[in-house]
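A.B. asks: Contents of start27.txt (compact mmCIF, C-alpha atoms):
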```txt
# COMPACT_ATOMS: atom_id res chain seq x y z
CA MET A 29 -91.28 18.47 29.05
CA SER A 30 -91.99 17.84 25.36
CA PHE A 31 -95.15 19.03 23.65
CA GLU A 32 -96.24 15.42 23.16
CA ASP A 33 -95.86 14.64 26.87
CA CYS A 34 -97.70 17.83 27.78
CA LEU A 35 -100.52 16.92 25.42
CA ARG A 36 -100.71 13.39 26.76
CA GLU A 37 -101.03 14.71 30.29
CA HIS A 38 -103.16 17.81 29.79
CA GLY A 39 -104.78 17.31 26.38
CA PRO A 40 -108.17 16.28 27.81
CA ALA A 41 -108.21 19.35 30.09
CA LEU A 42 -107.40 21.59 27.10
CA TRP A 43 -110.17 19.94 25.11
CA ARG A 44 -112.63 20.66 27.95
CA VAL A 45 -111.59 24.32 28.17
CA VAL A 46 -112.23 24.72 24.45
CA ALA A 47 -115.55 22.87 24.79
CA SER A 48 -116.61 25.31 27.50
CA TYR A 49 -116.36 28.12 24.92
CA THR A 50 -117.56 26.44 21.73
CA ALA A 51 -119.84 23.55 20.96
CA ARG A 52 -118.53 20.69 18.83
CA GLY A 53 -118.09 21.75 15.23
CA PRO A 54 -115.64 23.56 12.97
CA GLU A 55 -115.22 26.43 15.43
CA HIS A 56 -114.22 23.96 18.14
CA GLY A 57 -111.53 22.54 15.86
CA ASP A 58 -110.21 26.00 14.94
CA LEU A 59 -110.09 27.15 18.54
CA ALA A 60 -108.40 23.91 19.63
CA GLN A 61 -105.75 24.57 16.98
CA GLU A 62 -105.20 28.14 18.22
CA VAL A 63 -104.88 26.93 21.80
CA LEU A 64 -102.46 24.14 20.94
CA VAL A 65 -100.26 26.40 18.82
CA ALA A 66 -100.12 28.90 21.69
CA VAL A 67 -99.18 26.12 24.13
CA TRP A 68 -96.58 24.79 21.68
CA GLN A 69 -95.02 28.25 21.37
CA ALA A 70 -95.13 29.01 25.10
CA LEU A 71 -93.85 25.67 26.36
CA PRO A 72 -90.13 26.53 26.03
CA ARG A 73 -90.78 29.49 28.36
CA PHE A 74 -92.19 27.28 31.12
CA ARG A 75 -89.89 27.76 34.11
CA GLY A 76 -91.76 25.68 36.64
CA GLU A 77 -92.87 28.71 38.66
CA SER A 78 -96.36 27.22 38.68
CA SER A 79 -97.62 23.75 37.87
CA LEU A 80 -97.67 22.84 34.18
CA LYS A 81 -101.43 22.34 34.40
CA THR A 82 -101.92 25.92 35.64
CA PHE A 83 -99.59 27.15 32.90
CA VAL A 84 -101.37 25.45 30.02
CA LEU A 85 -104.85 26.24 31.35
CA ARG A 86 -103.95 29.94 31.58
CA ILE A 87 -102.83 29.91 27.95
CA ALA A 88 -105.97 28.07 26.89
CA HIS A 89 -108.28 30.50 28.68
CA ASN A 90 -106.46 33.51 27.24
CA ARG A 91 -106.84 32.14 23.72
CA CYS A 92 -110.49 31.35 24.27
CA LEU A 93 -111.12 34.86 25.58
CA SER A 94 -109.69 36.26 22.35
CA LEU A 95 -112.28 34.23 20.48
CA ALA A 96 -115.04 35.43 22.79
CA TRP A 97 -113.94 39.00 22.10
CA GLN A 98 -114.01 38.42 18.34
CA ARG A 99 -117.51 36.99 18.69
CA ALA A 100 -118.61 40.01 20.72
CA ARG A 101 -117.36 42.30 17.95
CA ARG A 102 -118.96 40.32 15.15
CA PRO A 103 -122.05 38.73 16.61
CA SER A 104 -122.87 35.46 14.92
CA PRO A 105 -125.23 32.64 15.84
CA SER A 106 -123.77 32.27 19.30
CA THR A 107 -123.10 29.02 21.05
CA ASN A 108 -123.59 30.90 24.30
CA GLU A 109 -127.29 30.63 23.85
CA LEU A 110 -128.72 27.44 25.15
CA VAL A 111 -129.96 25.47 22.19
CA HIS A 112 -130.76 22.03 23.40
CA ILE A 113 -131.74 19.65 20.67
CA PRO A 114 -133.16 16.54 22.27
CA ASP A 115 -131.91 13.27 20.92
CA PRO A 116 -135.00 11.35 19.73
CA ARG A 117 -133.26 8.01 20.10
CA PRO A 118 -133.76 6.21 23.37
CA ALA A 119 -130.72 5.86 25.54
CA ILE A 120 -129.42 2.43 24.72
CA ASP A 121 -127.01 2.12 27.58
CA ASP A 122 -125.40 3.92 30.47
CA GLN A 123 -122.54 5.14 28.32
CA VAL A 124 -124.81 7.06 25.97
CA GLU A 125 -126.71 8.49 28.89
CA ALA A 126 -123.51 9.61 30.56
CA ARG A 127 -122.36 11.26 27.33
CA GLN A 128 -125.66 13.09 27.01
CA ARG A 129 -125.38 14.25 30.61
CA THR A 130 -121.89 15.57 29.93
CA GLU A 131 -123.00 17.33 26.72
CA ARG A 132 -125.83 18.95 28.67
CA LEU A 133 -123.43 20.08 31.38
CA PHE A 134 -121.18 21.70 28.77
CA GLU A 135 -124.15 23.42 27.14
CA HIS A 136 -125.17 24.94 30.45
CA VAL A 137 -121.61 25.93 31.33
CA ARG A 138 -121.40 27.80 28.00
CA THR A 139 -124.36 29.96 29.00
CA LEU A 140 -122.58 31.33 32.10
CA PRO A 141 -120.97 34.80 32.00
CA LEU A 142 -117.30 34.55 31.03
CA GLY A 143 -115.91 35.56 34.42
CA GLN A 144 -117.95 32.88 36.20
CA ARG A 145 -117.37 30.31 33.48
CA GLN A 146 -113.59 30.57 33.76
CA VAL A 147 -113.62 30.07 37.51
CA LEU A 148 -116.12 27.21 37.38
CA THR A 149 -114.32 25.24 34.67
CA LEU A 150 -111.01 25.59 36.48
CA ALA A 151 -112.61 24.40 39.71
CA LEU A 152 -114.12 21.45 37.86
CA GLU A 153 -110.60 20.65 36.65
CA GLY A 154 -109.68 20.30 40.30
CA LEU A 155 -107.62 23.48 40.70
CA ALA A 156 -107.39 25.02 44.17
CA HIS A 157 -108.68 28.56 44.72
CA ALA A 158 -105.14 29.94 44.84
CA GLU A 159 -104.32 28.30 41.50
CA ILE A 160 -107.52 29.61 39.91
CA ALA A 161 -106.63 33.08 41.17
CA GLU A 162 -103.23 32.72 39.51
CA VAL A 163 -104.71 31.60 36.19
CA VAL A 164 -107.44 34.23 36.00
CA GLY A 165 -105.48 37.05 37.63
CA ILE A 166 -107.90 37.85 40.48
CA THR A 167 -107.77 37.51 44.26
CA VAL A 168 -108.58 34.29 46.09
CA GLU A 169 -111.58 36.01 47.74
CA ASN A 170 -112.87 37.01 44.34
CA VAL A 171 -112.50 33.42 43.15
CA ALA A 172 -114.66 32.22 46.05
CA VAL A 173 -117.34 34.80 45.29
CA ARG A 174 -117.40 34.06 41.56
CA LEU A 175 -117.37 30.32 42.10
CA GLY A 176 -120.30 30.56 44.47
CA ARG A 177 -122.28 32.56 41.93
CA ALA A 178 -121.30 30.26 39.08
CA ARG A 179 -122.38 27.13 40.97
CA GLU A 180 -125.66 28.73 41.86
CA ALA A 181 -126.26 29.86 38.28
CA LEU A 182 -125.42 26.42 36.92
CA ARG A 183 -127.67 24.71 39.46
CA ARG A 184 -130.57 27.02 38.53
CA SER A 185 -130.00 26.53 34.83
CA LEU A 186 -129.99 22.73 35.15
CA GLU A 187 -133.06 22.80 37.39
CA LYS A 188 -134.89 25.06 34.94
CA GLU A 189 -134.25 22.60 32.15
CA ALA A 190 -135.34 19.65 34.25
CA ALA A 191 -138.59 21.37 35.25
CA MET B 23 -123.13 12.06 45.57
CA SER B 24 -123.51 15.85 45.79
CA ALA B 25 -124.42 17.90 42.72
CA TRP B 26 -120.91 19.30 42.59
CA GLU B 27 -119.32 15.84 42.67
CA SER B 28 -121.65 14.64 39.96
CA TRP B 29 -120.75 17.66 37.76
CA GLN B 30 -117.09 17.06 38.41
CA ALA B 31 -117.40 13.39 37.46
CA ALA B 32 -119.25 14.27 34.26
CA TRP B 33 -116.74 17.00 33.49
CA ALA B 34 -113.63 14.90 34.05
CA GLY B 35 -115.02 12.15 31.84
CA ALA B 36 -115.32 14.43 28.82
CA ALA B 37 -112.59 14.29 26.19
CA GLY B 38 -112.25 14.45 22.45
CA PRO B 39 -109.74 14.45 19.63
CA LEU B 40 -107.28 17.34 19.36
CA PRO B 41 -105.80 18.47 16.04
CA ASP B 42 -102.15 17.92 15.19
CA VAL B 43 -100.68 21.41 15.09
CA ARG B 44 -96.94 20.73 14.91
CA SER B 45 -96.55 21.53 11.21
CA ARG B 46 -98.57 24.75 11.57
CA ALA B 47 -96.63 25.85 14.65
CA GLU B 48 -93.31 25.13 12.95
CA SER B 49 -94.32 27.06 9.82
CA GLU B 50 -95.32 30.05 11.97
CA VAL B 51 -91.96 30.04 13.73
CA ARG B 52 -90.21 29.82 10.36
CA ARG B 53 -92.26 32.77 9.04
CA HIS B 54 -91.29 34.95 12.03
CA ARG B 55 -87.66 33.99 11.63
CA ARG B 56 -87.73 34.74 7.87
CA THR B 57 -89.23 38.21 8.45
CA ARG B 58 -86.56 39.06 11.02
CA VAL B 59 -83.75 37.79 8.82
CA THR B 60 -85.11 39.68 5.78
CA VAL B 61 -85.10 43.01 7.64
CA TRP B 62 -81.53 42.56 8.82
CA VAL B 63 -80.36 41.31 5.42
CA LEU B 64 -81.86 44.39 3.75
CA LEU B 65 -80.15 46.69 6.24
CA ALA B 66 -76.87 44.83 5.89
CA GLY B 67 -77.24 45.02 2.09
CA ALA B 68 -77.75 48.79 2.28
CA CYS B 69 -74.67 49.14 4.51
CA PHE B 70 -72.69 46.97 2.11
CA ALA B 71 -73.87 49.08 -0.83
CA SER B 72 -72.49 52.20 0.86
CA ILE B 73 -68.90 50.83 0.81
CA PRO B 74 -68.11 52.00 -2.76
CA ALA B 75 -69.07 55.54 -1.70
CA PHE B 76 -66.16 55.60 0.76
CA THR B 77 -63.67 54.49 -1.89
CA ALA B 78 -64.56 57.39 -4.23
CA PRO B 79 -62.06 60.27 -4.38
CA GLU B 80 -64.72 62.98 -3.89
CA ASN B 81 -65.51 63.91 -0.28
CA VAL B 82 -69.07 64.70 -1.23
CA VAL B 83 -69.63 61.04 -2.19
CA HIS B 84 -68.40 60.02 1.26
CA LEU B 85 -71.23 62.15 2.60
CA ILE B 86 -73.75 59.95 0.72
CA GLY B 87 -72.11 56.87 2.24
CA TRP B 88 -72.45 58.31 5.73
CA SER B 89 -76.09 59.24 5.05
CA ILE B 90 -76.85 55.64 4.07
CA LEU B 91 -75.09 54.27 7.16
CA GLY B 92 -76.92 56.75 9.41
CA PHE B 93 -80.21 55.76 7.81
CA CYS B 94 -79.55 52.04 8.34
CA ALA B 95 -78.57 52.61 11.96
CA ALA B 96 -81.69 54.65 12.68
CA MET B 97 -83.97 52.11 10.96
CA GLY B 98 -82.29 49.24 12.83
CA ILE B 99 -82.83 51.02 16.15
CA GLY B 100 -86.44 51.70 15.18
CA TYR B 101 -87.01 48.04 14.31
CA VAL B 102 -85.56 46.85 17.60
CA LEU B 103 -87.60 49.44 19.48
CA THR B 104 -90.91 48.39 17.92
CA HIS B 105 -90.20 44.71 18.38
CA GLN B 106 -89.24 44.95 22.01
CA GLY B 107 -91.56 42.59 23.85
CA VAL B 108 -93.23 41.30 20.68
CA GLY B 109 -92.66 37.85 22.12
CA SER B 110 -95.04 38.84 24.92
CA SER B 111 -95.92 35.69 26.72
CA ALA B 112 -99.20 33.96 25.98
CA VAL B 113 -99.22 33.27 29.70
CA ASP B 114 -99.94 36.93 30.41
CA GLY B 115 -103.58 37.67 31.09
CA PRO B 116 -105.81 39.59 28.64
CA ARG B 117 -105.22 42.87 30.46
CA ASP B 118 -101.45 42.39 30.25
CA ALA B 119 -101.89 41.70 26.55
CA LEU B 120 -103.83 44.94 26.18
CA GLY B 121 -101.12 46.85 28.01
CA PHE B 122 -98.54 45.30 25.72
CA LEU B 123 -100.47 46.28 22.58
CA GLU B 124 -100.76 49.85 23.83
CA ARG B 125 -97.04 50.02 24.57
CA ARG B 126 -96.29 48.72 21.11
CA LEU B 127 -98.62 51.25 19.53
CA ALA B 128 -96.79 54.03 21.38
CA ALA B 129 -93.42 52.63 20.25
CA GLU B 130 -94.61 52.53 16.63
CA GLN B 131 -95.65 56.17 16.88
CA ARG B 132 -92.16 57.03 18.13
CA VAL B 133 -90.71 55.19 15.15
CA ALA B 134 -92.92 57.23 12.80
CA HIS B 135 -91.33 60.38 14.25
CA LEU B 136 -87.92 58.80 14.03
CA ALA B 137 -88.49 57.94 10.35
CA ARG B 138 -89.60 61.53 9.65
CA TRP B 139 -86.41 63.12 11.00
CA VAL B 140 -84.06 60.42 9.72
CA TYR B 141 -85.44 60.82 6.21
CA LEU B 142 -85.31 64.58 6.53
CA VAL B 143 -81.60 64.45 7.37
CA LEU B 144 -81.03 61.85 4.64
CA CYS B 145 -82.84 63.99 2.05
CA ILE B 146 -80.95 67.16 3.01
CA PHE B 147 -77.58 65.42 2.98
CA GLY B 148 -78.39 63.55 -0.21
CA ALA B 149 -79.67 66.66 -2.00
CA ILE B 150 -76.58 68.70 -1.08
CA ALA B 151 -74.20 65.88 -1.98
CA THR B 152 -75.77 65.12 -5.35
CA HIS B 153 -76.01 68.85 -6.14
CA LEU B 154 -72.28 69.27 -5.50
CA LEU B 155 -71.53 66.13 -7.49
CA TYR B 156 -73.62 67.29 -10.47
CA GLU B 157 -71.87 70.68 -10.32
CA GLU B 158 -68.51 68.99 -10.47
CA HIS B 159 -69.48 66.75 -13.38
CA GLY B 160 -71.67 69.34 -15.14
CA SER B 161 -74.70 67.04 -15.28
CA PRO B 162 -77.68 68.15 -17.42
CA LEU B 163 -80.56 70.06 -15.83
CA PRO B 164 -83.27 67.34 -16.32
CA VAL B 165 -81.15 64.85 -14.35
CA ARG B 166 -80.69 67.41 -11.57
CA LEU B 167 -84.37 68.22 -11.48
CA MET B 168 -85.37 64.57 -11.44
CA THR B 169 -83.04 63.85 -8.53
CA LEU B 170 -84.30 66.87 -6.65
CA GLY B 171 -87.89 65.74 -7.32
CA CYS B 172 -87.13 62.33 -5.85
CA TYR B 173 -85.79 63.92 -2.69
CA VAL B 174 -88.77 66.26 -2.38
CA PHE B 175 -91.19 63.36 -2.87
CA GLY B 176 -89.44 61.22 -0.25
CA PHE B 177 -89.33 64.16 2.10
CA ALA B 178 -93.06 64.92 1.69
CA LEU B 179 -93.95 61.28 2.22
CA THR B 180 -91.99 60.85 5.41
CA LEU B 181 -92.69 64.30 6.81
CA SER B 182 -96.34 63.29 6.97
CA ALA B 183 -95.57 59.84 8.46
CA PRO B 184 -96.63 60.70 12.04
CA TRP B 185 -99.85 62.20 10.70
CA TRP B 186 -101.02 59.15 8.69
CA PHE B 187 -99.70 56.80 11.30
CA GLY B 188 -101.67 58.75 13.92
CA ARG B 189 -104.85 58.12 11.92
CA ILE B 190 -104.20 54.37 11.90
CA ALA B 191 -103.20 54.43 15.57
CA ARG B 192 -106.44 56.19 16.55
CA ARG B 193 -108.47 53.35 15.00
CA ARG B 194 -106.38 50.74 16.77
CA GLN B 195 -106.59 52.60 20.07
CA ALA B 196 -110.39 52.78 19.73
CA GLU B 197 -110.43 49.02 19.25
CA LEU B 198 -108.26 48.50 22.33
CA ASP B 199 -110.56 50.78 24.36
CA ALA B 200 -113.59 48.78 23.21
CA TRP B 201 -111.80 45.58 24.19
CA ARG B 202 -111.07 46.96 27.66
CA GLN B 203 -114.70 48.05 28.06
CA TRP B 204 -115.90 44.60 27.05
CA MET B 205 -113.61 42.99 29.63
CA ASP B 206 -114.99 45.31 32.31
CA GLU B 207 -118.53 44.34 31.31
CA GLN B 208 -117.62 40.66 31.47
CA SER B 209 -115.90 41.14 34.86
CA LEU B 210 -112.68 39.72 33.49
```
Using the file provided, produce a representation of the structure as structure tokens.

C.D. replies:
Amino acid sequence: MSFEDCLREHGPALWRVVASYTARGPEHGDLAQEVLVAVWQALPRFRGESSLKTFVLRIAHNRCLSLAWQRARRPSPSTNELVHIPDPRPAIDDQVEARQRTERLFEHVRTLPLGQRQVLTLALEGLAHAEIAEVVGITVENVAVRLGRAREALRRSLEKEAA
Amino acid sequence: MSAWESWQAAWAGAAGPLPDVRSRAESEVRRHRRTRVTVWVLLAGACFASIPAFTAPENVVHLIGWSILGFCAAMGIGYVLTHQGVGSSAVDGPRDALGFLERRLAAEQRVAHLARWVYLVLCIFGAIATHLLYEEHGSPLPVRLMTLGCYVFGFALTLSAPWWFGRIARRRQAELDAWRQWMDEQSL
């Protein structure tokens, strides 16, 4: 499969992985570049042992973890902290409201611990537990435990904001 | 609609523009290829440069030729050794990547030892050969001393290679250990 085809099929999923690590901005663009270059370089080595989606998501998460590690070494104003800036404009239609809901979901996902965040985002992408285990490199049981905790943490975080 | 389904719907609807990275990816591949080619061209050039030594009538000059060939062979082996697995797959997890970096660090340390002994042999052979050659041609003392000085300097530099490389490696190992600790803390 060519890089263009891969991007057409899995580009949105890659964008979402990057968005679960960085908020929109220059860092998002840089990380997206890193991820895409890694996918571009790794694609010729794809042997079909797993699905292409699993393959590209694993690469994306590995790249994003490198960024998270760099951030941990050189702490900077972190996007992990929940900084919700309310939009003063009234929601003019359903589309805007849906976009705001999505942005809020991403903000909350970014506050989760990395281990939980990885599992949750992959589950949201529709991957089965076995596939998530393959991507993250943990057991299926561990996936279930982490996913349960991540869902609970996300629910609490969203409820806290709503309250 | 359950909370999970609503999150999934919101999640799946999110998308944004992705940068075009083809030119950057291609330039990176070209850079890697250029580096590899340069190393082999330099080694091939050194081997080629040793050919005149074998055509000289003096046996002692042949010795210099063999020293150069031996040096090129050892450096080539060292290069291959350190670059084994450099193309480590991006598909490997972060812990695999850490393991790979540690293996490479160990390989580089082995190459530092290799360089020390290869240079030592090269310096000894070279010093003996040039000494015999200067004797035969009656070269002036300053030329002899300068040549000897060059050998001693090269020898001192490479004899200490494992020591200064060890200092660099310790820093890199500390960084890898910190990385591993961070991954443990993050339950990765």

A.B. asks: With 12 Å as the threshold, what does the neighbourhood of (-90.9, 62.4, 13.0) contain in terms of residues, counting all atoms listed in the file? Coordinates are those of the file; answer as a list in words.

C.D. replies: Gly100, Glu130, Gln131, Arg132, Val133, Ala134, His135, Leu136, Ala137, Arg138, Trp139, Val140, Tyr141, Leu142, Val143, Phe177, Ala178, Leu179, Thr180, Leu181, Ser182, Ala183, Pro184, Trp185, Trp186, Phe187 and Gly188 of chain B

A.B. asks: Which residues of chain B have any atom within 9 Å of an atom in chain A when counting all atoms listed in the file, and what is the closest pair of atoms for each, with the distance in Å to one decimal? Order the rows by chain and rising number and write it as JSON lines.

C.D. replies:
```
{"residue": "B:Ala25", "atom": "CA", "partner": "A:Arg183", "partner_atom": "CA", "distance": 8.2}
{"residue": "B:Trp26", "atom": "CA", "partner": "A:Arg179", "partner_atom": "CA", "distance": 8.1}
{"residue": "B:Trp29", "atom": "CA", "partner": "A:Leu133", "partner_atom": "CA", "distance": 7.3}
{"residue": "B:Gln30", "atom": "CA", "partner": "A:Leu152", "partner_atom": "CA", "distance": 5.3}
{"residue": "B:Ala31", "atom": "CA", "partner": "A:Leu152", "partner_atom": "CA", "distance": 8.7}
{"residue": "B:Ala32", "atom": "CA", "partner": "A:Thr130", "partner_atom": "CA", "distance": 5.2}
{"residue": "B:Trp33", "atom": "CA", "partner": "A:Thr130", "partner_atom": "CA", "distance": 6.4}
{"residue": "B:Ala34", "atom": "CA", "partner": "A:Glu153", "partner_atom": "CA", "distance": 7.0}
{"residue": "B:Gly35", "atom": "CA", "partner": "A:Thr130", "partner_atom": "CA", "distance": 7.9}
{"residue": "B:Ala36", "atom": "CA", "partner": "A:Thr130", "partner_atom": "CA", "distance": 6.8}
{"residue": "B:Ala37", "atom": "CA", "partner": "A:Pro40", "partner_atom": "CA", "distance": 5.1}
{"residue": "B:Gly38", "atom": "CA", "partner": "A:Trp43", "partner_atom": "CA", "distance": 6.4}
{"residue": "B:Pro39", "atom": "CA", "partner": "A:Trp43", "partner_atom": "CA", "distance": 7.8}
{"residue": "B:Leu40", "atom": "CA", "partner": "A:Ala60", "partner_atom": "CA", "distance": 6.7}
{"residue": "B:Pro41", "atom": "CA", "partner": "A:Gln61", "partner_atom": "CA", "distance": 6.2}
{"residue": "B:Asp42", "atom": "CA", "partner": "A:Gln61", "partner_atom": "CA", "distance": 7.8}
{"residue": "B:Val43", "atom": "CA", "partner": "A:Val65", "partner_atom": "CA", "distance": 6.2}
{"residue": "B:Arg44", "atom": "CA", "partner": "A:Val65", "partner_atom": "CA", "distance": 7.6}
{"residue": "B:Arg46", "atom": "CA", "partner": "A:Val65", "partner_atom": "CA", "distance": 7.6}
{"residue": "B:Ala47", "atom": "CA", "partner": "A:Val65", "partner_atom": "CA", "distance": 5.6}
{"residue": "B:Val51", "atom": "CA", "partner": "A:Gln69", "partner_atom": "CA", "distance": 8.4}
{"residue": "B:Ser111", "atom": "CA", "partner": "A:Ala70", "partner_atom": "CA", "distance": 6.9}
{"residue": "B:Ala112", "atom": "CA", "partner": "A:Ile87", "partner_atom": "CA", "distance": 5.8}
{"residue": "B:Val113", "atom": "CA", "partner": "A:Ile87", "partner_atom": "CA", "distance": 5.2}
{"residue": "B:Asp114", "atom": "CA", "partner": "A:Ile87", "partner_atom": "CA", "distance": 8.0}
{"residue": "B:Gly115", "atom": "CA", "partner": "A:Asn90", "partner_atom": "CA", "distance": 6.4}
{"residue": "B:Pro116", "atom": "CA", "partner": "A:Asn90", "partner_atom": "CA", "distance": 6.3}
{"residue": "B:Trp201", "atom": "CA", "partner": "A:Trp97", "partner_atom": "CA", "distance": 7.2}
{"residue": "B:Trp204", "atom": "CA", "partner": "A:Trp97", "partner_atom": "CA", "distance": 7.7}
{"residue": "B:Met205", "atom": "CA", "partner": "A:Trp97", "partner_atom": "CA", "distance": 8.5}
{"residue": "B:Gln208", "atom": "CA", "partner": "A:Leu142", "partner_atom": "CA", "distance": 6.1}
{"residue": "B:Ser209", "atom": "CA", "partner": "A:Gly143", "partner_atom": "CA", "distance": 5.6}
{"residue": "B:Leu210", "atom": "CA", "partner": "A:Gly143", "partner_atom": "CA", "distance": 5.3}
```

A.B. asks: In Å, how far is it from atom CA of B:His153 to atom CA of B:Ile90?

C.D. replies: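 Separating atom CA of B:His153 from atom CA of B:Ile90 is a distance of 16.7 Å.
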
A.B. asks: Could you name the residues that touch stretch 156-173 of chain B at 8 Å or less, counting all atoms listed in the file, but leaving out those on the same chain fewer than 5 positions away, as a ChimeraX atom specification?

C.D. replies: /B:145,148-149

A.B. asks: Please dump the current selection as an mmCIF file, in the frame of the given file; keep C-alpha atoms.

C.D. replies:
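Heads up, here's the output in out.cif:
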```
data_model
loop_
_atom_site.group_PDB
_atom_site.id
_atom_site.type_symbol
_atom_site.label_atom_id
_atom_site.label_comp_id
_atom_site.auth_asym_id
_atom_site.auth_seq_id
_atom_site.Cartn_x
_atom_site.Cartn_y
_atom_site.Cartn_z
ATOM 1 C CA CYS B 145 -82.840 63.990 2.050
ATOM 2 C CA GLY B 148 -78.390 63.550 -0.210
ATOM 3 C CA ALA B 149 -79.670 66.660 -2.000
#
```

A.B. asks: So how far away is atom CA of A:Ile160 from atom CA of A:Val147, in Å?

C.D. replies: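 Rounded to one decimal, the two atoms are 6.6 Å apart.
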
A.B. asks: Would you work out the distance separating atom CA of B:Ala200 from atom CA of A:Leu95, expressed in Å to one decimal?

C.D. replies: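 Separation between atom CA of B:Ala200 and atom CA of A:Leu95: 14.9 Å.
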
A.B. asks: Point out the residue among A:His157, A:Arg36, A:His136, A:Ser78 with the least atom-to-atom distance to A:Glu169, counting all atoms listed in the file.

C.D. replies: A:His157

A.B. asks: Looking at A:Ala181, A:Ala96, A:Arg102, A:Pro72, which one is nearest to A:Met29, with distances taken over all atoms listed in the file?

C.D. replies: A:Pro72

A.B. asks: Show me, as a list of chain:residue names, the residues that have an atom within 7 Å of B:Ser89 when counting only C-alpha atoms, minus same-chain residues fewer than 4 positions from it.

C.D. replies: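 Surrounding residues, per the criterion: B:Leu85, B:Phe93, B:Leu144, B:Phe147.
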